[in-house]
>>> print(open('entry-v5.tsv').read())   # TSV, C-alpha atoms and all ligand atoms
chain	number	residue	atom	x	y	z
A	1	MET	CA	-92.92	221.30	328.53
A	2	ARG	CA	-95.07	218.50	329.95
A	3	GLN	CA	-95.41	217.00	326.48
A	4	CYS	CA	-91.65	217.18	326.00
A	5	LEU	CA	-91.03	215.42	329.30
A	6	ARG	CA	-93.52	212.72	328.34
A	7	CYS	CA	-91.65	212.21	325.01
A	8	CYS	CA	-88.35	211.99	326.85
A	9	LEU	CA	-89.74	209.45	329.28
A	10	ALA	CA	-91.22	207.40	326.44
A	11	GLU	CA	-87.85	207.44	324.66
A	12	LEU	CA	-86.11	206.34	327.81
A	13	VAL	CA	-88.54	203.46	328.24
A	14	VAL	CA	-87.97	202.37	324.63
A	15	LEU	CA	-84.20	202.65	325.12
A	16	ALA	CA	-84.34	200.63	328.32
A	17	MET	CA	-86.43	197.96	326.60
A	18	SER	CA	-84.19	197.71	323.53
A	19	VAL	CA	-80.85	197.86	325.33
A	20	PRO	CA	-80.80	195.94	328.57
A	21	SER	CA	-78.27	197.66	330.80
A	22	VAL	CA	-77.80	196.16	334.20
A	23	PHE	CA	-74.55	197.86	335.13
A	24	SER	CA	-73.72	201.42	336.07
A	25	ALA	CA	-70.56	203.24	335.06
A	26	GLY	CA	-69.59	203.59	338.72
A	27	ASP	CA	-69.52	199.85	339.15
A	28	LEU	CA	-65.99	199.16	337.99
A	29	PRO	CA	-65.09	195.60	337.15
A	30	GLY	CA	-61.52	194.37	337.28
A	31	TYR	CA	-58.74	193.92	339.76
A	32	THR	CA	-56.17	196.04	341.59
A	33	ASP	CA	-53.74	193.29	342.54
A	34	GLY	CA	-52.76	191.69	339.23
A	35	PRO	CA	-49.19	191.53	337.98
A	36	PHE	CA	-47.96	194.38	335.81
A	37	LEU	CA	-47.87	193.58	332.12
A	38	PRO	CA	-44.36	193.70	330.59
A	39	ASN	CA	-43.24	197.25	329.72
A	40	SER	CA	-46.63	198.59	330.79
A	41	ARG	CA	-48.07	200.80	333.50
A	42	TRP	CA	-51.13	198.56	333.60
A	43	ARG	CA	-51.79	195.41	335.51
A	44	VAL	CA	-53.59	192.36	334.08
A	45	HIS	CA	-57.37	193.14	334.09
A	46	ASP	CA	-56.55	196.51	335.67
A	47	GLN	CA	-59.64	198.13	337.16
A	48	SER	CA	-58.21	201.61	336.53
A	49	ARG	CA	-57.23	201.03	332.90
A	50	PRO	CA	-59.40	203.41	330.83
A	51	GLN	CA	-62.35	201.94	328.99
A	52	PRO	CA	-62.11	202.24	325.19
A	53	LYS	CA	-64.07	205.12	323.74
A	54	LYS	CA	-67.36	204.10	322.14
A	55	VAL	CA	-67.47	204.64	318.37
A	56	ALA	CA	-70.66	203.90	316.44
A	57	PRO	CA	-69.64	201.74	313.47
A	58	GLY	CA	-70.71	202.51	309.93
A	59	GLU	CA	-72.36	199.97	307.65
A	60	GLY	CA	-71.18	197.34	305.19
A	61	PHE	CA	-68.99	195.26	307.49
A	62	LEU	CA	-71.23	192.17	307.26
A	63	GLY	CA	-71.65	189.67	304.49
A	64	ALA	CA	-68.13	189.67	302.98
A	65	THR	CA	-68.14	186.69	300.63
A	66	PRO	CA	-64.98	184.56	300.58
A	67	PRO	CA	-62.37	185.42	297.94
A	68	GLU	CA	-61.44	182.72	295.46
A	69	ASP	CA	-58.42	181.51	297.44
A	70	ALA	CA	-60.14	181.41	300.85
A	71	VAL	CA	-60.71	178.27	302.87
A	72	VAL	CA	-64.37	178.36	303.82
A	73	LEU	CA	-64.72	177.30	307.45
A	74	PHE	CA	-68.48	177.79	307.78
A	75	ASP	CA	-70.92	178.69	305.01
A	76	GLY	CA	-74.07	178.13	307.03
A	77	THR	CA	-74.54	174.47	306.21
A	78	ASN	CA	-72.09	172.25	308.10
A	79	LEU	CA	-69.17	172.16	310.51
A	80	ASN	CA	-67.06	169.66	308.59
A	81	ALA	CA	-63.98	171.88	308.90
A	82	TRP	CA	-64.16	171.69	312.70
A	83	ARG	CA	-63.83	169.29	315.58
A	84	ARG	CA	-64.71	169.57	319.26
A	85	SER	CA	-61.76	170.55	321.43
A	86	ASP	CA	-62.66	167.84	323.96
A	87	GLY	CA	-62.90	165.11	321.33
A	88	LYS	CA	-66.66	164.62	321.72
A	89	PRO	CA	-69.00	164.85	318.72
A	90	ILE	CA	-70.00	168.40	317.78
A	91	GLY	CA	-73.46	169.23	319.14
A	92	ASP	CA	-76.34	170.05	316.82
A	93	GLY	CA	-76.24	173.82	316.94
A	94	ILE	CA	-76.85	174.97	313.36
A	95	ALA	CA	-80.00	176.95	312.61
A	96	GLU	CA	-80.78	179.52	309.91
A	97	GLY	CA	-77.24	179.63	308.56
A	98	ALA	CA	-75.59	180.16	311.93
A	99	PHE	CA	-74.45	177.99	314.80
A	100	ASN	CA	-74.70	178.42	318.55
A	101	ILE	CA	-71.41	177.73	320.34
A	102	ARG	CA	-73.18	176.72	323.52
A	103	LYS	CA	-74.91	173.92	321.62
A	104	THR	CA	-71.99	172.81	319.46
A	105	GLY	CA	-69.47	172.97	322.29
A	106	GLN	CA	-66.00	174.49	321.96
A	107	ILE	CA	-64.66	173.79	318.50
A	108	GLN	CA	-61.42	174.23	316.61
A	109	THR	CA	-60.43	173.90	312.99
A	110	LYS	CA	-59.10	170.55	311.82
A	111	GLU	CA	-56.60	172.41	309.65
A	112	GLU	CA	-53.88	174.48	311.28
A	113	PHE	CA	-52.75	177.91	310.16
A	114	GLY	CA	-49.77	180.22	310.49
A	115	ASP	CA	-50.01	183.70	309.00
A	116	CYS	CA	-53.60	184.24	307.93
A	117	GLN	CA	-56.50	186.56	307.20
A	118	LEU	CA	-59.73	185.56	308.96
A	119	HIS	CA	-63.29	186.81	308.56
A	120	LEU	CA	-66.09	185.83	310.88
A	121	GLU	CA	-69.43	187.16	312.06
A	122	TRP	CA	-70.86	186.75	315.52
A	123	CYS	CA	-73.87	187.74	317.58
A	124	THR	CA	-74.30	187.86	321.34
A	125	PRO	CA	-77.55	186.94	323.11
A	126	THR	CA	-79.93	189.82	323.85
A	127	GLY	CA	-79.46	189.05	327.54
A	128	PRO	CA	-78.89	190.35	330.05
A	129	GLU	CA	-76.65	187.63	331.40
A	130	ASP	CA	-74.05	187.63	334.14
A	131	ARG	CA	-71.61	190.46	333.42
A	132	MET	CA	-68.47	188.34	333.19
A	133	ASN	CA	-70.21	185.99	330.84
A	134	TRP	CA	-72.69	187.95	328.73
A	135	GLY	CA	-71.84	186.94	325.19
A	136	ASN	CA	-68.51	185.53	326.29
A	137	SER	CA	-66.71	183.60	323.60
A	138	GLY	CA	-63.53	184.33	321.73
A	139	VAL	CA	-61.40	183.60	318.72
A	140	HIS	CA	-58.20	181.83	319.69
A	141	LEU	CA	-55.62	182.35	316.97
A	142	PHE	CA	-52.81	179.82	316.72
A	143	GLY	CA	-54.90	177.89	319.27
A	144	CYS	CA	-53.82	180.14	322.14
A	145	PHE	CA	-54.10	183.90	321.54
A	146	GLU	CA	-57.61	185.13	322.34
A	147	ILE	CA	-59.37	187.96	320.54
A	148	GLN	CA	-62.22	188.49	322.95
A	149	ILE	CA	-65.89	188.22	322.08
A	150	LEU	CA	-68.18	189.70	324.74
A	151	GLU	CA	-71.31	191.82	324.93
A	152	SER	CA	-69.68	195.25	325.05
A	153	TYR	CA	-72.49	197.65	324.13
A	154	ALA	CA	-74.86	197.47	327.07
A	155	SER	CA	-72.26	196.07	329.44
A	156	PHE	CA	-68.51	196.22	329.95
A	157	ILE	CA	-65.82	194.56	332.00
A	158	TYR	CA	-62.19	195.47	332.64
A	159	ALA	CA	-60.69	197.23	329.63
A	160	ASP	CA	-58.51	194.31	328.52
A	161	GLY	CA	-61.55	192.00	328.55
A	162	ASN	CA	-63.94	193.84	326.23
A	163	ALA	CA	-64.78	192.65	322.74
A	164	GLY	CA	-61.86	193.16	320.38
A	165	ALA	CA	-59.27	192.98	323.19
A	166	ILE	CA	-56.27	190.72	323.06
A	167	TYR	CA	-57.59	189.19	326.24
A	168	GLY	CA	-55.69	190.19	329.35
A	169	GLN	CA	-53.17	192.24	327.35
A	170	PHE	CA	-54.48	195.02	325.14
A	171	PRO	CA	-57.94	196.64	325.18
A	172	PRO	CA	-59.43	197.51	321.80
A	173	LEU	CA	-58.28	200.96	320.62
A	174	VAL	CA	-61.95	201.99	320.55
A	175	ASN	CA	-65.24	200.20	321.18
A	176	PRO	CA	-67.40	199.87	318.03
A	177	ALA	CA	-69.80	197.33	319.58
A	178	GLU	CA	-73.27	196.85	318.21
A	179	LYS	CA	-76.31	196.20	320.40
A	180	PRO	CA	-76.67	192.67	321.75
A	181	GLY	CA	-78.64	190.53	319.30
A	182	LYS	CA	-77.18	192.32	316.24
A	183	TRP	CA	-74.61	190.65	313.99
A	184	GLN	CA	-71.03	191.94	314.21
A	185	SER	CA	-67.82	191.12	312.37
A	186	PHE	CA	-64.12	190.55	312.91
A	187	ASP	CA	-61.56	190.79	310.13
A	188	ILE	CA	-58.26	189.63	311.53
A	189	VAL	CA	-54.75	189.60	310.07
A	190	PHE	CA	-52.45	187.38	312.09
A	191	THR	CA	-48.69	186.98	311.86
A	192	ALA	CA	-47.44	183.83	313.54
A	193	PRO	CA	-44.32	183.85	315.69
A	194	ARG	CA	-41.11	182.56	314.11
A	195	PHE	CA	-38.72	180.15	315.75
A	196	GLU	CA	-35.32	178.73	315.06
A	197	GLY	CA	-35.30	175.57	317.08
A	198	GLU	CA	-36.69	176.59	320.46
A	199	LYS	CA	-35.55	180.19	320.08
A	200	MET	CA	-38.13	182.80	319.13
A	201	MET	CA	-36.86	184.98	316.31
A	202	SER	CA	-39.95	187.20	315.97
A	203	PRO	CA	-43.17	187.50	317.97
A	204	ALA	CA	-46.80	187.15	316.91
A	205	TYR	CA	-48.68	190.20	315.69
A	206	VAL	CA	-52.35	190.84	315.10
A	207	THR	CA	-54.48	193.45	313.40
A	208	VAL	CA	-58.17	193.31	314.24
A	209	VAL	CA	-60.88	195.18	312.35
A	210	TYR	CA	-64.09	195.03	314.41
A	211	ASN	CA	-67.29	196.14	312.66
A	212	GLY	CA	-65.13	197.90	310.07
A	213	VAL	CA	-63.07	199.73	312.72
A	214	VAL	CA	-59.40	198.99	313.52
A	215	VAL	CA	-59.17	198.01	317.18
A	216	GLN	CA	-55.73	196.31	317.15
A	217	ASN	CA	-53.08	197.77	314.84
A	218	HIS	CA	-50.29	195.29	314.14
A	219	GLN	CA	-50.13	194.70	317.88
A	220	GLU	CA	-47.44	192.42	319.23
A	221	ILE	CA	-49.02	189.60	321.23
A	222	LEU	CA	-47.33	189.16	324.61
A	223	GLY	CA	-48.11	185.49	325.10
A	224	ALA	CA	-50.73	182.78	325.37
A	225	ILE	CA	-54.13	183.52	326.89
A	226	ALA	CA	-54.21	183.76	330.67
A	227	HIS	CA	-56.72	184.91	333.29
A	228	ARG	CA	-55.46	187.05	336.18
A	229	THR	CA	-51.87	186.01	335.48
A	230	LEU	CA	-49.21	187.14	333.04
A	231	PRO	CA	-49.53	185.85	329.49
A	232	GLY	CA	-48.12	182.38	329.03
A	233	ALA	CA	-45.16	181.27	326.95
A	234	TYR	CA	-45.61	181.01	323.21
A	235	PRO	CA	-46.09	177.46	322.03
A	236	VAL	CA	-43.14	176.56	319.79
A	237	ARG	CA	-44.77	175.58	316.50
A	238	GLU	CA	-45.38	176.85	313.00
A	239	ARG	CA	-49.15	176.59	312.89
A	240	GLY	CA	-52.13	176.24	315.17
A	241	PRO	CA	-55.89	175.85	314.88
A	242	VAL	CA	-58.49	178.60	315.02
A	243	LEU	CA	-60.52	177.84	318.13
A	244	LEU	CA	-63.92	179.28	319.08
A	245	GLN	CA	-64.34	179.48	322.82
A	246	GLU	CA	-67.40	178.03	324.57
A	247	HIS	CA	-67.98	180.02	327.75
A	248	HIS	CA	-71.55	179.16	328.77
A	249	SER	CA	-73.15	181.84	326.60
A	250	GLY	CA	-75.14	181.20	323.44
A	251	VAL	CA	-73.00	183.27	321.07
A	252	GLN	CA	-73.82	182.58	317.42
A	253	PHE	CA	-71.41	182.48	314.50
A	254	ARG	CA	-71.78	182.61	310.71
A	255	ASN	CA	-69.82	183.34	307.52
A	256	ILE	CA	-66.35	182.19	308.56
A	257	TRP	CA	-63.48	182.00	306.08
A	258	ILE	CA	-59.74	182.18	306.20
A	259	ARG	CA	-56.88	182.89	303.79
A	260	PRO	CA	-53.50	181.37	304.64
A	261	LEU	CA	-50.79	183.95	303.89
A	262	GLU	CA	-47.94	181.58	303.19
B	301	MG	MG	-63.74	184.97	325.98
>>> encode(input="entry-v5.tsv", output="structure tokens")
Amino acid sequence: MRQCLRCCLAELVVLAMSVPSVFSAGDLPGYTDGPFLPNSRWRVHDQSRPQPKKVAPGEGFLGATPPEDAVVLFDGTNLNAWRRSDGKPIGDGIAEGAFNIRKTGQIQTKEEFGDCQLHLEWCTPTGPEDRMNWGNSGVHLFGCFEIQILESYASFIYADGNAGAIYGQFPPLVNPAEKPGKWQSFDIVFTAPRFEGEKMMSPAYVTVVYNGVVVQNHQEILGAIAHRTLPGAYPVRERGPVLLQEHHSGVQFRNIWIRPLE
């Protein structure tokens, strides 16, 4: 019995060392006073919205090489397809086939896209960092709809802010996060909104496969990214850039390619 207890304690120590966890389940992040989302019982960043169930991903979701008709956005060597969102030169952040968004600064593609299929791989710092910021980045489709990137294995925030969420709108259906420091993947299919003049004829939709697991299933996007307020109005346009958010955390990216679906 004593031996067993010693084994258990040793395992716990190893677990604690390998997975930094600085938050307890009773410590609920989020808000109780946000506006209700349209046609929803949940408020923006609702503290009581259930956390997505954890699902251990399988294997084989990394390393997808670009198909023949893909536009390669980052192959490990250069960021020629990108520019800084603030107009400054891109920082020197490439090392070992990946780049660090904290060093490059927030970047967006020079080319703009409507309907598209996007593959990218990302890795959060081993941390721990401040909860609201640990591994915080994001993929902004159409320049304005955020698929959240955040450390969501050892930590968590409000349900609509975890990795794979349409930020501030829809939590991921489940949480297939890998440990911080491990590479993860998004495969995204995006349908751009359609307009006739200023009038929207059909909304934007997104399907997100996170580490090989569907976490958004042809989900209608309610509006542009917002924090603690209702989603913003859609921008009236046909195409927008893919933007990678810089949020003061050294999230790394690699193997990024896109297929326009037009
Ligand atoms: Mg973010």
>>> residues_near_ligand(input="entry-v5.tsv", ligand="ligand MG 301 (chain B)", cutoff="12 Å", atoms="all atoms listed in the file", output="compact mmCIF listing (two decimals) with C-alpha atoms, in the frame of the given file")
# COMPACT_ATOMS: atom_id res chain seq x y z
CA ILE A 101 -71.41 177.73 320.34
CA GLN A 106 -66.00 174.49 321.96
CA THR A 124 -74.30 187.86 321.34
CA MET A 132 -68.47 188.34 333.19
CA ASN A 133 -70.21 185.99 330.84
CA TRP A 134 -72.69 187.95 328.73
CA GLY A 135 -71.84 186.94 325.19
CA ASN A 136 -68.51 185.53 326.29
CA SER A 137 -66.71 183.60 323.60
CA GLY A 138 -63.53 184.33 321.73
CA VAL A 139 -61.40 183.60 318.72
CA HIS A 140 -58.20 181.83 319.69
CA CYS A 144 -53.82 180.14 322.14
CA PHE A 145 -54.10 183.90 321.54
CA GLU A 146 -57.61 185.13 322.34
CA ILE A 147 -59.37 187.96 320.54
CA GLN A 148 -62.22 188.49 322.95
CA ILE A 149 -65.89 188.22 322.08
CA LEU A 150 -68.18 189.70 324.74
CA GLU A 151 -71.31 191.82 324.93
CA SER A 152 -69.68 195.25 325.05
CA ILE A 157 -65.82 194.56 332.00
CA ASP A 160 -58.51 194.31 328.52
CA GLY A 161 -61.55 192.00 328.55
CA ASN A 162 -63.94 193.84 326.23
CA ALA A 163 -64.78 192.65 322.74
CA GLY A 164 -61.86 193.16 320.38
CA ALA A 165 -59.27 192.98 323.19
CA ILE A 166 -56.27 190.72 323.06
CA TYR A 167 -57.59 189.19 326.24
CA GLY A 168 -55.69 190.19 329.35
CA ILE A 225 -54.13 183.52 326.89
CA ALA A 226 -54.21 183.76 330.67
CA HIS A 227 -56.72 184.91 333.29
CA LEU A 243 -60.52 177.84 318.13
CA LEU A 244 -63.92 179.28 319.08
CA GLN A 245 -64.34 179.48 322.82
CA GLU A 246 -67.40 178.03 324.57
CA HIS A 247 -67.98 180.02 327.75
CA HIS A 248 -71.55 179.16 328.77
CA SER A 249 -73.15 181.84 326.60
CA VAL A 251 -73.00 183.27 321.07
>>> residues_around(input="entry-v5.tsv", residues="Pro176 of chain A", least_positions_apart="2", cutoff="12 Å", atoms="only C-alpha atoms", output="PDB file with C-alpha atoms, in the frame of the given file")
ATOM      1  CA  PRO A  52     -62.110 202.240 325.190  1.00  0.00           C
ATOM      2  CA  LYS A  53     -64.070 205.120 323.740  1.00  0.00           C
ATOM      3  CA  LYS A  54     -67.360 204.100 322.140  1.00  0.00           C
ATOM      4  CA  VAL A  55     -67.470 204.640 318.370  1.00  0.00           C
ATOM      5  CA  ALA A  56     -70.660 203.900 316.440  1.00  0.00           C
ATOM      6  CA  PRO A  57     -69.640 201.740 313.470  1.00  0.00           C
ATOM      7  CA  GLY A  58     -70.710 202.510 309.930  1.00  0.00           C
ATOM      8  CA  GLU A  59     -72.360 199.970 307.650  1.00  0.00           C
ATOM      9  CA  PHE A  61     -68.990 195.260 307.490  1.00  0.00           C
ATOM     10  CA  GLU A 151     -71.310 191.820 324.930  1.00  0.00           C
ATOM     11  CA  SER A 152     -69.680 195.250 325.050  1.00  0.00           C
ATOM     12  CA  TYR A 153     -72.490 197.650 324.130  1.00  0.00           C
ATOM     13  CA  ALA A 154     -74.860 197.470 327.070  1.00  0.00           C
ATOM     14  CA  ASN A 162     -63.940 193.840 326.230  1.00  0.00           C
ATOM     15  CA  ALA A 163     -64.780 192.650 322.740  1.00  0.00           C
ATOM     16  CA  GLY A 164     -61.860 193.160 320.380  1.00  0.00           C
ATOM     17  CA  ALA A 165     -59.270 192.980 323.190  1.00  0.00           C
ATOM     18  CA  PRO A 172     -59.430 197.510 321.800  1.00  0.00           C
ATOM     19  CA  LEU A 173     -58.280 200.960 320.620  1.00  0.00           C
ATOM     20  CA  VAL A 174     -61.950 201.990 320.550  1.00  0.00           C
ATOM     21  CA  GLU A 178     -73.270 196.850 318.210  1.00  0.00           C
ATOM     22  CA  LYS A 179     -76.310 196.200 320.400  1.00  0.00           C
ATOM     23  CA  GLN A 184     -71.030 191.940 314.210  1.00  0.00           C
ATOM     24  CA  SER A 185     -67.820 191.120 312.370  1.00  0.00           C
ATOM     25  CA  PHE A 186     -64.120 190.550 312.910  1.00  0.00           C
ATOM     26  CA  VAL A 208     -58.170 193.310 314.240  1.00  0.00           C
ATOM     27  CA  VAL A 209     -60.880 195.180 312.350  1.00  0.00           C
ATOM     28  CA  TYR A 210     -64.090 195.030 314.410  1.00  0.00           C
ATOM     29  CA  ASN A 211     -67.290 196.140 312.660  1.00  0.00           C
ATOM     30  CA  GLY A 212     -65.130 197.900 310.070  1.00  0.00           C
ATOM     31  CA  VAL A 213     -63.070 199.730 312.720  1.00  0.00           C
ATOM     32  CA  VAL A 214     -59.400 198.990 313.520  1.00  0.00           C
ATOM     33  CA  VAL A 215     -59.170 198.010 317.180  1.00  0.00           C
TER      34      VAL A 215
END
>>> atom_distance(input="entry-v5.tsv", atom1="atom CA of Met200 of chain A", atom2="atom CA of Pro235 of chain A")
10.0 Å
>>> atom_distance(input="entry-v5.tsv", atom1="atom CA of Leu37 of chain A", atom2="atom CA of Val206 of chain A")
17.8 Å
>>> closest_residue(input="entry-v5.tsv", among="A:Pro89, A:Pro171, A:Pro35, A:Pro125", to="Asn217 of chain A", atoms="all atoms listed in the file")
A:Pro171
>>> residues_around(input="entry-v5.tsv", residues="Glu96 of chain A", least_positions_apart="3", cutoff="9 Å", atoms="all atoms listed in the file", output="PyMOL selection string")
chain A and resi 76-77+99
>>> residues_near_point(input="entry-v5.tsv", point="(-50.9, 182.9, 338.8)", cutoff="12 Å", atoms="all atoms listed in the file", output="JSON, numbers by chain")
{"A": [33, 34, 35, 44, 226, 227, 228, 229, 230, 231, 232]}
>>> write_last_selection(input="entry-v5.tsv", atoms="C-alpha atoms", output="JSON list (two decimals), keeping the file's coordinate frame")
[["chain", "number", "residue", "atom", "x", "y", "z"],
["A", 33, "ASP", "CA", -53.74, 193.29, 342.54],
["A", 34, "GLY", "CA", -52.76, 191.69, 339.23],
["A", 35, "PRO", "CA", -49.19, 191.53, 337.98],
["A", 44, "VAL", "CA", -53.59, 192.36, 334.08],
["A", 226, "ALA", "CA", -54.21, 183.76, 330.67],
["A", 227, "HIS", "CA", -56.72, 184.91, 333.29],
["A", 228, "ARG", "CA", -55.46, 187.05, 336.18],
["A", 229, "THR", "CA", -51.87, 186.01, 335.48],
["A", 230, "LEU", "CA", -49.21, 187.14, 333.04],
["A", 231, "PRO", "CA", -49.53, 185.85, 329.49],
["A", 232, "GLY", "CA", -48.12, 182.38, 329.03]]
>>> atom_distance(input="entry-v5.tsv", atom1="atom CA of Phe170 of chain A", atom2="atom CA of Phe195 of chain A")
23.6 Å
>>> residues_near_point(input="entry-v5.tsv", point="(-66.5, 187.4, 301.8)", cutoff="8 Å", atoms="all atoms listed in the file", output="PyMOL selection string")
chain A and resi 63-67+119+255+257
>>> closest_residue(input="entry-v5.tsv", among="A:Leu62, A:Leu118, A:Ala192, A:Leu222", to="Arg237 of chain A", atoms="only C-alpha atoms")
A:Ala192
>>> residues_around(input="entry-v5.tsv", residues="Gly30 of chain A", least_positions_apart="5", cutoff="6 Å", atoms="all atoms listed in the file", output="list in words")
His45, Asp46, Gln47 and Tyr158 of chain A
>>> residues_around(input="entry-v5.tsv", residues="Ile256 of chain A", least_positions_apart="5", cutoff="8 Å", atoms="only C-alpha atoms", output="PyMOL selection string")
chain A and resi 72-75+118-121
